[in-house]
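S.K.: Could you have a look at this structure, given as C-alpha cells, before my questions?
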Amino acid sequence: MPKTDKNGLLKQEKQSSKTLLASLISIFIGLIVGAIVVWVVGAVTPEITAKGTSDGIKLILFGLFNTGRNASGALTFGFNAVNIGNMLFRATPIILTGLSVAIANQTGLFNIGAPGQYLIGTCVSLYLALSIPSDKVHPVLIWLIAFVAAMAAGALWGAIPGALKAFLNMNEVIACIMCNWIAANVVTWIFDESNLKNTTEGTKTAYIYKTTYNNVATGKMGLDKIFPGSQVNGGFFIAVLFCIIMWVIMSKTTFGYQLKACGSNRHAAKYAGIADKRNIVLSMAIAGALSSAAGALYYLAGNTEFFWSTYQSLPAAGFTGIAVALLAVNNPLGVIFSGSFMSMLTVCGTQLTYMTPFNEYITDVIIAVIVYISAFSLIIKMLLNKRKEKQYDKRDGGELITPEKAQDEPAEAAGKEA
Amino acid sequence: MSFLIRQTLMFAIPLMIVALAGVFAERSGIINLALEGTMIFGAFMGVVFCRLLQKKGLFETARAANNWQALQGYLLLALLFVALAGAVFSLLLALAAINFSANQTIVGTAMNMLAPALVLFLVRIIAHQNALGLLNGGSATFFMIKKANLGIESEGFLVETFINKAYLTTYFCILVFVILSVILYKTKFGLRLRACGENPQAAASLGINVYKMRYIGTMISGALAGIGGFVFSVTSANTTSNGEVAGMGFLALAVMIFGNWKPLNIALDAMLFGLFKCIGASYATLDINGDGIFKLAEIGISPYFYRLLPYLITLIVLMLTSKSSRAPKAEGQPYDKGMR
C-alpha cells in the first residue's frame, strides 16, 4: 500500500514531478518547432514581411492575450475576456475526448476511436435536441434527454471495438479506425435523410440548424458575466465534473482498480478473479460515452453549427483528445489543464489567421509535435533520472565513475579530472 | 465494364502499393500507422514538384510540341521525387522507434496529425485556399495516356480498359509491387528483413544488423506510401493536394492485415476493396453490363451506405479471421540487444 510505505510515496511524488517536467518539455519543443516553421516559411516567402513573421511568432506564444493592434500597427497585449472565454468553450470537448483516451490508456487500450464516438454523440444529441418539439417539452428536459442519450449511444459505439478486442482478440486500433469511418458515413447518412438541414439560410450548404432553433442551449452558469462576448457556457463545469468523477472512480474504487489491473496484465487479472473480458468492454464503453459527451456538449451549446457532410473527414477534436491525454500522462485531473492548453493553442491559431499572413493550421502542427515528443516520454524521464543521479554524486563529494559511466561520458569525465 | 475496371484500378493501385508499404515496415518489426500521413505528405510533395516543373515551362512546351513521352518522363521523375520525400518523412518514425524505443502507435498517430496540418498550413500560404492544384490544367491535360498518342485506332475491350485514358502510374506501381514482392520473398536481403520482424535477437546472433534492416524497411515503407499518395492524387484527385487522401492509408492498413502480410493476398484484397470503393464513389453512374440502366442508383439506397461498405466489410472480415491472422511476431516491439 503506497500510503503506509513512506519511501514508496516519496518515490511516487518524485516520479510525478518528473512526469510533469517531461510534459513541459514536450510543450516547449512543440512551441519551438511551431515558431521555427513560421520563421522559415516567413523567411522564404517574399510576400511575408519580417514584421508579419515576428507577429506570427508572438501570437503563437501569447495569442491568448492579444487585444488587437494599436494606431501604429503593432500588436497589443492584455486581458482579453473574449479569447479566454472562447478558450474555455473550446476546451470543453477536448477535455472530454482527452479524458476518454486517458481512461482507455489507463486500462491498456488505445482509443483512437474517439473521433467516431464524438460524431455519434454529436449526431444523437443534435437529432434529439432538434426533433423533440420545444413547445410541448421543456427545453431543459430536451437538453438532458439529448445529452444522456448521446452518452448512451457513445457507450454502445465504444463497446463495439471493446467487444471485438475482448472476445475475438482483434487489435483495437484497427477496429476503432474502421468504426470511425463507419460512424462518419452513418452520421452523414442520417442527416442527409433528415429534415434538419439548414434551408432557411440559403448560402449555407451542408449545415444543420443550431440547437437554438429549437430553443435548446446549454446554460451559461454565470460564465457569460465573467467573459462577456465569448461563447463560453456551463459545459466547461460539466467537463471538469466528469474529470473529477473519473479520477475518483479510477484511483479510489475497486472497479477502477480492476479496470487498471486488466490494463497492466490481462492474464494476471484474470488469474486474480477479475472478469477481464467484461472489464475491457466496460472501459471502452466508458471511453465511448465520454467522447460522445464531448460532441454533445459542443453542439448543444447552441451557438455552433454542425457540418453534416462529414463522410470524408473525421473531427479534429477526437484526435486532439489523444494529444490531451498523452500530455496529461493519462491523469484524469491533468486533462483539465492539458485540454485548456490545447484549446489556448487553437485560440492563438485563429488569432494568427486574422492578424497575420499565416493560418490556424500551425496549431495542429504544434499539437502533432507535442504528441510526437510525448512518445519519447520514457526517454526524457530516463534522461532526467540520469541527471538527478549525477547531481547526487556531486553532493556526496565523491564521484563514482564506474567503467561503464566513464565510457558513456569520456569527455565529461576527462574535464572533471582536469 | 471498361469503366468499372478502370475505376476499380484507380482505387486498387494506391491501396495495393500502400499496403505493401505497410508490409515492408511490419516485416522488419516496425508498425507503420503513419501510412495515411505519409500518403498526404507524398501527394503534397508531388504536386509541389509538378508546379516547379510547370514554372520552368517544361509541361507547356512538351504539350505544345505534342511530346507526350516527355510528359510521362516528368511524371516518372515526380514519382521518384515523392518516393524520396516519403522515405525522408518516414525517418521521423524510424528515428523514434528504432533509436529511441518510442511507442510506435503514438508516433504513427502523431505523424498522421502532423502531415495534414503541415500540408494545409503550407497550401494555404501558397494558394490562399485549402487545395493546391497544378498551375494550370490537370491530370487529364498532362498525364493521361490516350490511345491516339500510341496510334491505336481499335475500340476493343482491352484497349479501352487498359490503354485508353490510362495513367502510367498504374503500370509503374504494378511493376514496383512485383519487384519488391520478389525481393521480399526470394532474396537473401528479403529473408533477413523478415527475420528482423520475427525474431530480431536470433537475426542479430547471425550477424544481421537489426537497426539497419529496420531503417531500410521503414524507409522503403515511407517511399511506397509517398508514391501511393501521389498516385492517388494524380488518378483520382486531378493532381491536387488538400491535406487528405480519403482514409486510403487506413484502408491500406486493413488490406494489409486482411491479406495476412503476404503480397499476393494483398494484391487480390486491394482489387476487392478497390471495387467497393469504386462502387461507393460512382454507384450512380455505374452501368455494369452496358445497357444504359444504372441498377445501383435505381435501388435507391443512400450513397453513404456504399461508402461505408469497405470499412464495414473490413471489420466483419477481420472479425472472422482475427483468430487465424498471423502478424510478424516482433512487430511493435523495440529491439533490445540484451534480450537474447
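By convention in this document, the chains of the C-alpha cells carry letters A, B, ... by their order, each chain's residues are numbered from 1, and ligands are numbered from 1 in the order they are shown.
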For a quick test of understanding: name the residues of chain A lying within 8 Å of chain B when counting only C-alpha atoms, and present them as a PyMOL selection string.
M.R.: chain A and resi 164+168-170+174-175+177-179+181-182+185-186+188-189+311-313+319+357-362+364-365+368-369+371-372+375-376+378-379
S.K.: Leaving out stretch 21-25 of chain A and any residue of its chain fewer than 4 positions from it, which residues lie within 9 Å of it when counting only C-alpha atoms, given as a PyMOL selection string?
M.R.: chain A and resi 16-17+29-30+326-329+370+373-374+377-378+380-381+384
S.K.: Mind listing the helix (DSSP H, G or I) residues of stretch 72-236 of chain A, per DSSP on the backbone, as a PyMOL selection string?
M.R.: chain A and resi 81-106+114-131+139-168+172-193+211-214+223-226+235-236
S.K.: Could you tell me how far atom CA of B:Val23 lies from atom CA of B:Met256, in Å and to one decimal?
M.R.: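 Between atom CA of B:Val23 and atom CA of B:Met256 the gap works out to 6.7 Å.
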S.K.: Tell me, as a list of chain:residue names, which residues lie within 12 Å of A:Leu144, counting only C-alpha atoms; anything in the same chain fewer than 4 positions away does not count.
M.R.: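 Everything that qualifies: A:Ser125, A:Leu126, A:Leu128, A:Ala129, A:Ile132, A:Val137, A:His138, A:Pro139, A:Val140, A:Val148, A:Ala149, A:Ala150, A:Met151, A:Val216, A:Ala217, A:Thr218, A:Gly219, A:Ala293, A:Ala296, A:Leu297, A:Leu300.
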S.K.: May I have the selected residues written with N, CA and C atoms, as a PDB file, in the first residue's frame?
M.R.:
```
ATOM      1  N   SER A 125     -27.243  13.721 -30.086  1.00  0.00           N
ATOM      2  CA  SER A 125     -27.679  14.885 -29.314  1.00  0.00           C
ATOM      3  C   SER A 125     -28.376  15.902 -30.210  1.00  0.00           C
ATOM      4  N   LEU A 126     -27.794  16.168 -31.399  1.00  0.00           N
ATOM      5  CA  LEU A 126     -28.413  17.158 -32.281  1.00  0.00           C
ATOM      6  C   LEU A 126     -29.762  16.674 -32.790  1.00  0.00           C
ATOM      7  N   LEU A 128     -31.910  14.621 -31.412  1.00  0.00           N
ATOM      8  CA  LEU A 128     -32.963  14.713 -30.391  1.00  0.00           C
ATOM      9  C   LEU A 128     -33.265  16.166 -30.053  1.00  0.00           C
ATOM     10  N   ALA A 129     -32.214  16.971 -29.892  1.00  0.00           N
ATOM     11  CA  ALA A 129     -32.422  18.362 -29.476  1.00  0.00           C
ATOM     12  C   ALA A 129     -33.225  19.131 -30.518  1.00  0.00           C
ATOM     13  N   ILE A 132     -37.316  16.934 -30.910  1.00  0.00           N
ATOM     14  CA  ILE A 132     -38.355  16.940 -29.871  1.00  0.00           C
ATOM     15  C   ILE A 132     -38.956  18.342 -29.838  1.00  0.00           C
ATOM     16  N   VAL A 137     -42.336  19.989 -24.794  1.00  0.00           N
ATOM     17  CA  VAL A 137     -41.423  19.549 -23.739  1.00  0.00           C
ATOM     18  C   VAL A 137     -40.540  20.726 -23.342  1.00  0.00           C
ATOM     19  N   HIS A 138     -40.233  20.822 -22.036  1.00  0.00           N
ATOM     20  CA  HIS A 138     -39.394  21.929 -21.572  1.00  0.00           C
ATOM     21  C   HIS A 138     -37.983  21.810 -22.157  1.00  0.00           C
ATOM     22  N   PRO A 139     -37.420  22.914 -22.654  1.00  0.00           N
ATOM     23  CA  PRO A 139     -36.092  22.836 -23.284  1.00  0.00           C
ATOM     24  C   PRO A 139     -35.027  22.211 -22.391  1.00  0.00           C
ATOM     25  N   VAL A 140     -35.078  22.473 -21.103  1.00  0.00           N
ATOM     26  CA  VAL A 140     -34.061  21.894 -20.218  1.00  0.00           C
ATOM     27  C   VAL A 140     -34.162  20.374 -20.226  1.00  0.00           C
ATOM     28  N   VAL A 148     -28.005  12.711 -22.299  1.00  0.00           N
ATOM     29  CA  VAL A 148     -27.908  11.355 -21.768  1.00  0.00           C
ATOM     30  C   VAL A 148     -27.982  10.331 -22.899  1.00  0.00           C
ATOM     31  N   ALA A 149     -28.875  10.573 -23.852  1.00  0.00           N
ATOM     32  CA  ALA A 149     -28.991   9.630 -24.976  1.00  0.00           C
ATOM     33  C   ALA A 149     -27.697   9.592 -25.776  1.00  0.00           C
ATOM     34  N   ALA A 150     -27.068  10.769 -25.947  1.00  0.00           N
ATOM     35  CA  ALA A 150     -25.804  10.809 -26.686  1.00  0.00           C
ATOM     36  C   ALA A 150     -24.758   9.960 -25.982  1.00  0.00           C
ATOM     37  N   MET A 151     -24.682  10.101 -24.652  1.00  0.00           N
ATOM     38  CA  MET A 151     -23.691   9.319 -23.912  1.00  0.00           C
ATOM     39  C   MET A 151     -23.978   7.828 -24.021  1.00  0.00           C
ATOM     40  N   VAL A 216     -33.086  25.139 -27.572  1.00  0.00           N
ATOM     41  CA  VAL A 216     -32.262  24.344 -26.663  1.00  0.00           C
ATOM     42  C   VAL A 216     -30.845  24.910 -26.675  1.00  0.00           C
ATOM     43  N   ALA A 217     -30.292  25.170 -25.483  1.00  0.00           N
ATOM     44  CA  ALA A 217     -28.903  25.611 -25.384  1.00  0.00           C
ATOM     45  C   ALA A 217     -28.404  25.345 -23.974  1.00  0.00           C
ATOM     46  N   THR A 218     -27.098  25.061 -23.866  1.00  0.00           N
ATOM     47  CA  THR A 218     -26.516  24.837 -22.554  1.00  0.00           C
ATOM     48  C   THR A 218     -26.575  26.127 -21.743  1.00  0.00           C
ATOM     49  N   GLY A 219     -26.882  26.009 -20.438  1.00  0.00           N
ATOM     50  CA  GLY A 219     -26.938  27.186 -19.568  1.00  0.00           C
ATOM     51  C   GLY A 219     -25.584  27.845 -19.445  1.00  0.00           C
ATOM     52  N   ALA A 293     -20.069  12.518 -25.005  1.00  0.00           N
ATOM     53  CA  ALA A 293     -20.449  13.675 -24.199  1.00  0.00           C
ATOM     54  C   ALA A 293     -19.745  14.920 -24.731  1.00  0.00           C
ATOM     55  N   ALA A 296     -21.624  16.076 -27.759  1.00  0.00           N
ATOM     56  CA  ALA A 296     -22.928  16.602 -27.342  1.00  0.00           C
ATOM     57  C   ALA A 296     -22.775  17.988 -26.722  1.00  0.00           C
ATOM     58  N   LEU A 297     -21.800  18.142 -25.830  1.00  0.00           N
ATOM     59  CA  LEU A 297     -21.644  19.442 -25.155  1.00  0.00           C
ATOM     60  C   LEU A 297     -21.264  20.537 -26.144  1.00  0.00           C
ATOM     61  N   LEU A 300     -24.581  21.110 -28.331  1.00  0.00           N
ATOM     62  CA  LEU A 300     -25.762  21.557 -27.578  1.00  0.00           C
ATOM     63  C   LEU A 300     -25.569  22.981 -27.073  1.00  0.00           C
TER      64      LEU A 300
END
```
S.K.: Of the candidates A:Lys197, A:Lys165, A:His267, A:Lys58, which one gets nearest to A:Ile280 if we count only C-alpha atoms?
M.R.: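 Result for the nearest residue to A:Ile280: A:Lys165.
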S.K.: Determine, counting only C-alpha atoms, which protein, DNA and RNA residues have an atom within 7 Å of an atom of B:Lys165; residues of the same chain fewer than 2 positions away are not included. Present the result as a ChimeraX atom specification.
M.R.: /B:144-146,163,167
